Amino acid sequence: MIAPVGRPAGPPRPPITCRYHPSPQPWLCCCPAGRRGVRSGGDPVLHTLDAPAVRTWCQLALRALGQAREEIDALNVYPVPDGDTGTNLYLTVESAAAEVESRFTDPADGPAPGLADTVRAMARGALVGARGNSGVILAQWLRGTAETLAEGGGADQLRAALQRAADSAYQAVAEPVEGTLLTVARVAAREAVRAGDGLAQVADTAHRAARDALRHTPEQLAVLAENGVVDAGGRGLVAVLGALADAVAGQQPMGPVALRDDVRAVDSCEVHVRPPGPGHPAFEVIYLLDAADEALPALRERLGGLGDSLVIGGGDGLWNVHVHVDDAGAAVEAGVRAGRPHQIRITHFAEAAARAGRAAERGEREERARAVLSVVSGTGLAELCEQAGALVLHADPDRPPASAELAAAVRRSAAREVVLLLNDPELRAAAGAAADQLREEGVRIAVLPTRSPVQGLAALAVHEAGRRFDEDVVAMTSAAGATRYAELAVAEGESWTMAGVCQAGDVLGLIDGDVAVIGTGLDEVGTSVLDRMLGAGGELVTLVLGDGADEALAERLVAHARHRRPEVDAVVFHGGQESAPLLIGVE
């Protein structure tokens, strides 16, 4: 059957730009396939770091930390084995990337930001959003880079920025310890001084030196050697430096170096959260502080006398304070005496460990109120999900929801059991970070990594609220996994793809995330994609038209599918998504 579309065709949509590499730099991907590892043609080397490259650096760093988040959490044994370093670093960089993104408004709203404004936005975003010990240190490291890069983005400035970053990170920590992120930063900066003349050589040398330094951290910190791991914070900095190397040199055909398995020192990503040992402070206190620079020495002295793991980052009147203490009230009072503390977060380590243990051990329990939350863009898709009984989080096609937005949407559901349908592979990291926070609050949540809205619709079709939670999740996961997905997109510029070189205006057919067909028209490419997908079998074809797509396109594709495979059923929906003219699902 063909569902009513109810909308006229309208004017053609402008070419779709990859939202994960929106930089106009010619070597970065310029089509939707870019987020899947496609590299564009053109000069692959950047000679001066500019604002778009910093934007790309933040985006790649977020992706890299998202991919490594669980691994880094599992590495977390120092200073407290609370299994959250990867999540904290991810949230810190997520805040930095969001602040940078806010500077890149529509060209009609004003001129594009310059390098100085962009790196300062990166530093401020990281400072405001910093979480945990390592997050505050990383935020101060980013601030150090920004202070120098604001003056220029050449190779010499990058060398100086890396040194300034390492010095700033050391200065932020009351009692620096070797074998941590600090050591990795110092070695990277030292070796960058000896690098070649080019910007790419400096970034690549710093990244390689950081990897080597990370491997030696167990030799410098006994607790790492005892647990057979490298330092968690240092592992995060390696990812950030790898992202910088990618932003400067462009993605390699085999994928960005920041996303490769540079140093993996754990056999699994199982996170064991344990309360601190005897003699360790009971609370983690972290807050933002509005205070004059002159107030900081006295604050450091007061907090240093209350506990350990003291890190204070920031400057220019805004600071991020982190400390482990037994008297949380006294730590906050010290902030009040220095200035105005706000966004205060206090964590009781033993209680957090107990919550994590209860969540891990939670077996079959009584039925709880359950919700399914689906992340989609497009009014038609939203209505389809709502009709199937799901709550909807509307996603901006140009700005994927951050972990905080996902967590807030789950909280609004007021459900104790939640199935989260992502419908986009790029949301997995943010969803993982959000799920960790929600589980600590007692929410039972399952993240289904659906990679396309058509997989989300397939999962919703078998959802039954009356089933036990685990059984429902298994059924929905199975239905999504049995649905192959594809999409049509329009290339904005020349790019290298798995199917060859495409030119601006070419129609791309992506099957299961990879470019499989390049053509000149939607009908031609859509027909080819359908043939390939049905060649592997299938009983039901789902077509979801994008905003402005012609209903006649779907009718022609349905006719072609039925001519080729008379036994195949087909259904057409108007999704209204801007990200792709057509989504295809085959079950």
# chains A, B, ... in the order shown; residues from 1 in each chain; ligands from 1
$ residues_around --residues "Leu158 of chain A" --least-positions-apart "5" --cutoff "8 Å" --atoms "only C-alpha atoms" --output "list in words"
Thr145, Thr148, Leu149, Gly153, Leu199, Val202 and Ala203 of chain A
$ residues_around --residues "segment 209-220 of chain A" --least-positions-apart "2" --cutoff "8 Å" --atoms "only C-alpha atoms" --output "MDAnalysis selection string"
chainID A and resid 178:180 183:185 187:188 191 205:207 222:225 228:231 234:235 237:238 241 262:263
$ closest_residue --among "A:Glu175, A:Glu417, A:Asp50, A:Glu284" --to "Arg439 of chain A" --atoms "only C-alpha atoms"
A:Glu417
$ closest_residue --among "A:Gly500, A:Gly537, A:Gln577, A:His560" --to "His394 of chain A" --atoms "only C-alpha atoms"
A:Gln577
$ select_by_dssp --residues "segment 348-444 of chain A" --states "strand (DSSP E or B)" --output "list in words"
His348, Arg370, Ala371, Val372, Leu373, Ser374, Val375, Val376, Leu391, Val392, Leu393, His394, Asp396, Arg399, Glu417, Val418, Val419, Leu420, Leu421 and Arg444 of chain A
$ residues_around --residues "Glu555 of chain A" --least-positions-apart "3" --cutoff "10 Å" --atoms "only C-alpha atoms" --output "PyMOL selection string"
chain A and resi 2+543+550-552+558-561+570-572
$ write_last_selection --atoms "C-alpha atoms" --output "PDB file, in the first residue's frame"
ATOM      1  CA  ILE A   2       0.988   3.642  -0.387  1.00  0.00           C
ATOM      2  CA  LEU A 543      10.212   4.259   1.852  1.00  0.00           C
ATOM      3  CA  ASP A 550       8.267  14.113  -4.840  1.00  0.00           C
ATOM      4  CA  GLU A 551       5.646  11.466  -4.000  1.00  0.00           C
ATOM      5  CA  ALA A 552       5.932  10.245  -7.586  1.00  0.00           C
ATOM      6  CA  VAL A 558       7.372   0.819  -5.458  1.00  0.00           C
ATOM      7  CA  ALA A 559       6.305  -0.150  -8.981  1.00  0.00           C
ATOM      8  CA  HIS A 560       9.875  -1.170  -9.784  1.00  0.00           C
ATOM      9  CA  ALA A 561      10.173  -3.254  -6.617  1.00  0.00           C
ATOM     10  CA  ALA A 570       5.756  -1.805   0.196  1.00  0.00           C
ATOM     11  CA  VAL A 571       4.734   1.110   2.371  1.00  0.00           C
ATOM     12  CA  VAL A 572       5.471   4.798   1.844  1.00  0.00           C
TER      13      VAL A 572
END
$ atom_distance --atom1 "atom CA of Gly114 of chain A" --atom2 "atom CA of Ser168 of chain A"
23.5 Å
$ closest_residue --among "A:Thr527, A:Ser579, A:Ser403, A:Gln171" --to "Pro453 of chain A" --atoms "only C-alpha atoms"
A:Ser579
$ closest_residue --among "A:Gly442, A:Pro449, A:Gly389, A:Pro401" --to "Arg428 of chain A" --atoms "only C-alpha atoms"
A:Pro449
$ residues_around --residues "Gly546 of chain A" --least-positions-apart "2" --cutoff "10 Å" --atoms "only C-alpha atoms" --output "list in words"
Arg13, Gly378, Gly380, Leu381, Leu488, Leu543, Val544, Gly548, Ala549, Asp550, Glu551, Phe573, His574, Gly575, Gly576, Gln577, Glu578, Ser579, Ala580, Pro581, Leu582 and Leu583 of chain A
$ atom_distance --atom1 "atom CA of Asp117 of chain A" --atom2 "atom CA of Ala150 of chain A"
7.5 Å
$ residues_around --residues "Ala435 of chain A" --least-positions-apart "4" --cutoff "8 Å" --atoms "only C-alpha atoms" --output "short mmCIF file (atom, residue, chain, number, x, y, z; two decimals) with all heavy atoms, in the first residue's frame"
data_model
loop_
_atom_site.label_atom_id
_atom_site.label_comp_id
_atom_site.auth_asym_id
_atom_site.auth_seq_id
_atom_site.Cartn_x
_atom_site.Cartn_y
_atom_site.Cartn_z
N ALA A 407 19.34 12.94 28.27
CA ALA A 407 19.01 12.62 29.66
C ALA A 407 17.77 13.39 30.10
O ALA A 407 16.89 12.84 30.78
CB ALA A 407 20.19 12.93 30.57
N ALA A 431 24.48 9.08 23.90
CA ALA A 431 23.49 8.25 24.58
C ALA A 431 24.12 7.42 25.68
O ALA A 431 23.52 7.22 26.75
CB ALA A 431 22.77 7.35 23.58
N ARG A 439 21.22 5.80 34.96
CA ARG A 439 21.26 4.58 35.77
C ARG A 439 21.63 4.90 37.20
O ARG A 439 21.15 4.25 38.13
CB ARG A 439 22.24 3.59 35.16
CG ARG A 439 21.76 2.98 33.84
CD ARG A 439 22.66 1.89 33.31
NE ARG A 439 22.20 1.41 32.01
CZ ARG A 439 22.82 1.65 30.86
NH1 ARG A 439 23.95 2.36 30.84
NH2 ARG A 439 22.33 1.19 29.73
N ILE A 445 17.44 1.70 31.80
CA ILE A 445 17.43 2.20 30.42
C ILE A 445 18.18 1.26 29.50
O ILE A 445 19.24 0.73 29.85
CB ILE A 445 18.02 3.63 30.33
CG1 ILE A 445 17.96 4.16 28.90
CG2 ILE A 445 19.44 3.68 30.88
CD1 ILE A 445 18.26 5.64 28.78
N ALA A 446 17.62 1.02 28.34
CA ALA A 446 18.28 0.24 27.28
C ALA A 446 18.43 1.13 26.07
O ALA A 446 17.45 1.72 25.59
CB ALA A 446 17.46 -1.00 26.94
N VAL A 447 19.64 1.26 25.57
CA VAL A 447 19.92 2.08 24.39
C VAL A 447 19.98 1.15 23.19
O VAL A 447 20.88 0.31 23.09
CB VAL A 447 21.23 2.86 24.55
CG1 VAL A 447 21.50 3.67 23.28
CG2 VAL A 447 21.18 3.77 25.76
#
$ closest_residue --among "A:Glu301, A:Asp293, A:Glu471, A:Asp308" --to "Ala334 of chain A" --atoms "only C-alpha atoms"
A:Glu301
$ closest_residue --among "A:Val332, A:Leu89, A:Val418, A:Ala245" --to "Leu60 of chain A" --atoms "only C-alpha atoms"
A:Ala245
$ residues_around --residues "Gly236 of chain A" --least-positions-apart "4" --cutoff "9 Å" --atoms "only C-alpha atoms" --output "PyMOL selection string"
chain A and resi 64-65+68-69+72+85-86+89-90+134+138+181+231-232+240-241
$ write_last_selection --atoms "all heavy atoms" --output "tab-separated table (two decimals), in the first residue's frame"
chain	number	residue	atom	x	y	z
A	64	ALA	N	36.03	10.80	19.03
A	64	ALA	CA	37.05	9.89	19.53
A	64	ALA	C	36.81	9.52	20.98
A	64	ALA	O	36.92	8.35	21.37
A	64	ALA	CB	38.44	10.53	19.36
A	65	LEU	N	36.48	10.51	21.80
A	65	LEU	CA	36.21	10.23	23.21
A	65	LEU	C	34.92	9.43	23.37
A	65	LEU	O	34.81	8.61	24.28
A	65	LEU	CB	36.11	11.54	24.00
A	65	LEU	CG	37.44	12.25	24.23
A	65	LEU	CD1	37.22	13.64	24.82
A	65	LEU	CD2	38.34	11.43	25.15
A	68	ALA	N	35.84	5.86	22.69
A	68	ALA	CA	36.72	5.28	23.73
A	68	ALA	C	36.15	5.43	25.14
A	68	ALA	O	36.81	5.03	26.10
A	68	ALA	CB	38.10	5.93	23.65
A	69	ARG	N	34.96	5.99	25.27
A	69	ARG	CA	34.44	6.34	26.59
A	69	ARG	C	34.41	5.14	27.55
A	69	ARG	O	34.90	5.22	28.68
A	69	ARG	CB	33.04	6.94	26.46
A	69	ARG	CG	32.44	7.42	27.78
A	69	ARG	CD	31.02	7.91	27.57
A	69	ARG	NE	30.15	6.86	27.08
A	69	ARG	CZ	29.56	5.96	27.89
A	69	ARG	NH1	29.75	6.01	29.19
A	69	ARG	NH2	28.78	5.02	27.38
A	72	ILE	N	37.90	3.99	28.51
A	72	ILE	CA	38.55	4.88	29.47
A	72	ILE	C	37.92	4.74	30.85
A	72	ILE	O	38.63	4.75	31.86
A	72	ILE	CB	38.49	6.34	28.96
A	72	ILE	CG1	39.26	6.48	27.65
A	72	ILE	CG2	39.06	7.30	30.00
A	72	ILE	CD1	39.13	7.84	26.98
A	85	THR	N	35.94	8.37	34.34
A	85	THR	CA	36.84	9.31	33.67
A	85	THR	C	36.48	9.50	32.20
A	85	THR	O	36.48	10.62	31.68
A	85	THR	CB	38.31	8.85	33.80
A	85	THR	OG1	38.69	8.90	35.18
A	85	THR	CG2	39.24	9.74	33.00
A	86	GLY	N	36.18	8.40	31.50
A	86	GLY	CA	35.82	8.53	30.09
A	86	GLY	C	34.57	9.36	29.91
A	86	GLY	O	34.48	10.21	29.01
A	89	LEU	N	35.40	13.11	30.66
A	89	LEU	CA	36.13	13.74	29.56
A	89	LEU	C	35.20	14.00	28.37
A	89	LEU	O	35.27	15.05	27.72
A	89	LEU	CB	37.31	12.87	29.13
A	89	LEU	CG	38.46	12.74	30.14
A	89	LEU	CD1	39.48	11.72	29.65
A	89	LEU	CD2	39.14	14.09	30.38
A	90	TYR	N	34.35	13.03	28.09
A	90	TYR	CA	33.39	13.20	26.99
A	90	TYR	C	32.49	14.40	27.24
A	90	TYR	O	32.29	15.24	26.36
A	90	TYR	CB	32.56	11.93	26.81
A	90	TYR	CG	31.51	12.07	25.72
A	90	TYR	CD1	31.82	11.79	24.40
A	90	TYR	CD2	30.22	12.51	26.02
A	90	TYR	CE1	30.88	11.94	23.39
A	90	TYR	CE2	29.27	12.66	25.02
A	90	TYR	CZ	29.61	12.38	23.72
A	90	TYR	OH	28.68	12.54	22.72
A	134	SER	N	39.84	14.68	35.96
A	134	SER	CA	40.46	14.73	34.63
A	134	SER	C	39.79	15.76	33.73
A	134	SER	O	40.46	16.39	32.90
A	134	SER	CB	40.40	13.35	33.97
A	134	SER	OG	41.19	12.43	34.68
A	138	LEU	N	41.77	18.65	31.82
A	138	LEU	CA	41.69	18.79	30.36
A	138	LEU	C	41.19	20.18	29.98
A	138	LEU	O	41.68	20.78	29.02
A	138	LEU	CB	40.77	17.72	29.77
A	138	LEU	CG	40.59	17.78	28.26
A	138	LEU	CD1	41.92	17.57	27.54
A	138	LEU	CD2	39.56	16.77	27.78
A	181	LEU	N	47.63	12.22	33.13
A	181	LEU	CA	47.42	13.11	31.99
A	181	LEU	C	48.49	14.18	31.93
A	181	LEU	O	48.93	14.59	30.84
A	181	LEU	CB	46.03	13.73	32.09
A	181	LEU	CG	45.50	14.62	30.98
A	181	LEU	CD1	43.97	14.65	31.01
A	181	LEU	CD2	46.01	16.06	31.05
A	231	ASP	N	47.02	5.10	32.26
A	231	ASP	CA	46.24	6.14	32.91
A	231	ASP	C	45.02	6.52	32.07
A	231	ASP	O	45.14	6.75	30.86
A	231	ASP	CB	47.10	7.38	33.15
A	231	ASP	CG	46.32	8.49	33.82
A	231	ASP	OD1	45.88	8.28	34.96
A	231	ASP	OD2	46.13	9.54	33.18
A	232	ALA	N	43.87	6.61	32.72
A	232	ALA	CA	42.63	6.92	32.01
A	232	ALA	C	42.64	8.33	31.43
A	232	ALA	O	42.29	8.54	30.27
A	232	ALA	CB	41.45	6.74	32.95
A	240	VAL	N	42.33	13.25	22.15
A	240	VAL	CA	42.17	14.66	21.80
A	240	VAL	C	43.29	15.12	20.87
A	240	VAL	O	43.06	15.84	19.89
A	240	VAL	CB	42.14	15.53	23.07
A	240	VAL	CG1	42.17	17.02	22.73
A	240	VAL	CG2	40.89	15.21	23.89
A	241	LEU	N	44.52	14.68	21.14
A	241	LEU	CA	45.64	15.04	20.27
A	241	LEU	C	45.54	14.34	18.92
A	241	LEU	O	45.93	14.90	17.89
A	241	LEU	CB	46.96	14.68	20.96
A	241	LEU	CG	47.38	15.64	22.08
A	241	LEU	CD1	48.53	15.07	22.88
A	241	LEU	CD2	47.77	17.00	21.50
$ residues_around --residues "Leu522 of chain A" --least-positions-apart "2" --cutoff "12 Å" --atoms "only C-alpha atoms" --output "MDAnalysis selection string"
chainID A and resid 12 487:490 505:509 517:520 524:530 545 549:550 552:554 556:557 580:583
$ atom_distance --atom1 "atom CA of Gly250 of chain A" --atom2 "atom CA of Arg190 of chain A"
23.8 Å
$ select_by_dssp --residues "segment 351-516 of chain A" --states "alpha helix (DSSP H)" --output "JSON, numbers by chain"
{"A": [351, 352, 353, 354, 355, 356, 357, 358, 359, 360, 361, 379, 380, 381, 382, 383, 384, 385, 386, 387, 403, 404, 405, 406, 407, 408, 409, 410, 411, 412, 413, 428, 429, 430, 431, 432, 433, 434, 435, 436, 437, 438, 439, 440, 453, 454, 455, 456, 457, 458, 459, 460, 461, 469, 470, 471, 472, 473, 474, 475, 476, 477, 478, 479, 480, 481]}
$ decode --residues "segment 211-231 of chain A" --atoms "N, CA, C and O atoms" --output "CSV table (one decimal), in the first residue's frame"
chain,number,residue,atom,x,y,z
A,211,ARG,N,51.1,9.0,22.7
A,211,ARG,CA,50.9,7.6,22.8
A,211,ARG,C,52.0,6.9,23.5
A,211,ARG,O,51.8,6.0,24.3
A,212,ASP,N,53.2,7.2,23.1
A,212,ASP,CA,54.4,6.6,23.7
A,212,ASP,C,54.4,6.9,25.2
A,212,ASP,O,54.7,6.0,26.1
A,213,ALA,N,54.1,8.1,25.6
A,213,ALA,CA,54.1,8.5,27.0
A,213,ALA,C,53.1,7.7,27.8
A,213,ALA,O,53.3,7.3,28.9
A,214,LEU,N,51.9,7.5,27.2
A,214,LEU,CA,50.8,6.8,27.8
A,214,LEU,C,51.3,5.3,28.1
A,214,LEU,O,50.9,4.8,29.2
A,215,ARG,N,52.0,4.7,27.2
A,215,ARG,CA,52.4,3.3,27.4
A,215,ARG,C,53.3,3.2,28.6
A,215,ARG,O,53.4,2.1,29.3
A,216,HIS,N,54.0,4.3,29.0
A,216,HIS,CA,54.9,4.2,30.1
A,216,HIS,C,54.3,4.6,31.4
A,216,HIS,O,55.0,4.6,32.5
A,217,THR,N,53.0,5.1,31.4
A,217,THR,CA,52.5,5.5,32.7
A,217,THR,C,52.4,4.5,33.8
A,217,THR,O,52.6,4.8,35.0
A,218,PRO,N,52.3,3.2,33.5
A,218,PRO,CA,52.3,2.2,34.6
A,218,PRO,C,53.7,2.1,35.3
A,218,PRO,O,53.7,1.7,36.4
A,219,GLU,N,54.7,2.6,34.6
A,219,GLU,CA,56.0,2.5,35.2
A,219,GLU,C,56.2,3.7,36.2
A,219,GLU,O,57.1,3.7,37.0
A,220,GLN,N,55.3,4.7,36.1
A,220,GLN,CA,55.5,5.9,36.9
A,220,GLN,C,54.5,6.0,38.0
A,220,GLN,O,54.6,6.7,39.0
A,221,LEU,N,53.4,5.2,37.9
A,221,LEU,CA,52.3,5.2,39.0
A,221,LEU,C,52.0,3.8,39.3
A,221,LEU,O,51.4,3.0,38.5
A,222,ALA,N,52.3,3.4,40.6
A,222,ALA,CA,52.2,2.0,41.0
A,222,ALA,C,50.8,1.4,40.9
A,222,ALA,O,50.6,0.3,40.5
A,223,VAL,N,49.8,2.2,41.2
A,223,VAL,CA,48.4,1.7,41.1
A,223,VAL,C,48.0,1.3,39.7
A,223,VAL,O,47.2,0.4,39.5
A,224,LEU,N,48.6,1.9,38.7
A,224,LEU,CA,48.3,1.5,37.3
A,224,LEU,C,49.0,0.2,37.0
A,224,LEU,O,48.3,-0.7,36.4
A,225,ALA,N,50.2,0.0,37.4
A,225,ALA,CA,50.9,-1.3,37.2
A,225,ALA,C,50.2,-2.4,38.0
A,225,ALA,O,50.0,-3.5,37.4
A,226,GLU,N,49.7,-2.1,39.2
A,226,GLU,CA,49.0,-3.2,40.0
A,226,GLU,C,47.7,-3.6,39.3
A,226,GLU,O,47.3,-4.8,39.4
A,227,ASN,N,47.1,-2.7,38.6
A,227,ASN,CA,45.8,-3.1,37.9
A,227,ASN,C,46.0,-3.4,36.4
A,227,ASN,O,45.0,-3.8,35.7
A,228,GLY,N,47.2,-3.3,35.9
A,228,GLY,CA,47.5,-3.7,34.5
A,228,GLY,C,46.9,-2.7,33.5
A,228,GLY,O,46.4,-3.2,32.5
A,229,VAL,N,46.8,-1.4,33.8
A,229,VAL,CA,46.2,-0.5,32.9
A,229,VAL,C,47.1,0.7,32.7
A,229,VAL,O,48.1,0.9,33.5
A,230,VAL,N,46.8,1.5,31.7
A,230,VAL,CA,47.5,2.8,31.6
A,230,VAL,C,46.6,3.9,32.2
A,230,VAL,O,45.4,3.6,32.6
A,231,ASP,N,47.0,5.1,32.3
A,231,ASP,CA,46.2,6.1,32.9
A,231,ASP,C,45.0,6.5,32.1
A,231,ASP,O,45.1,6.8,30.9
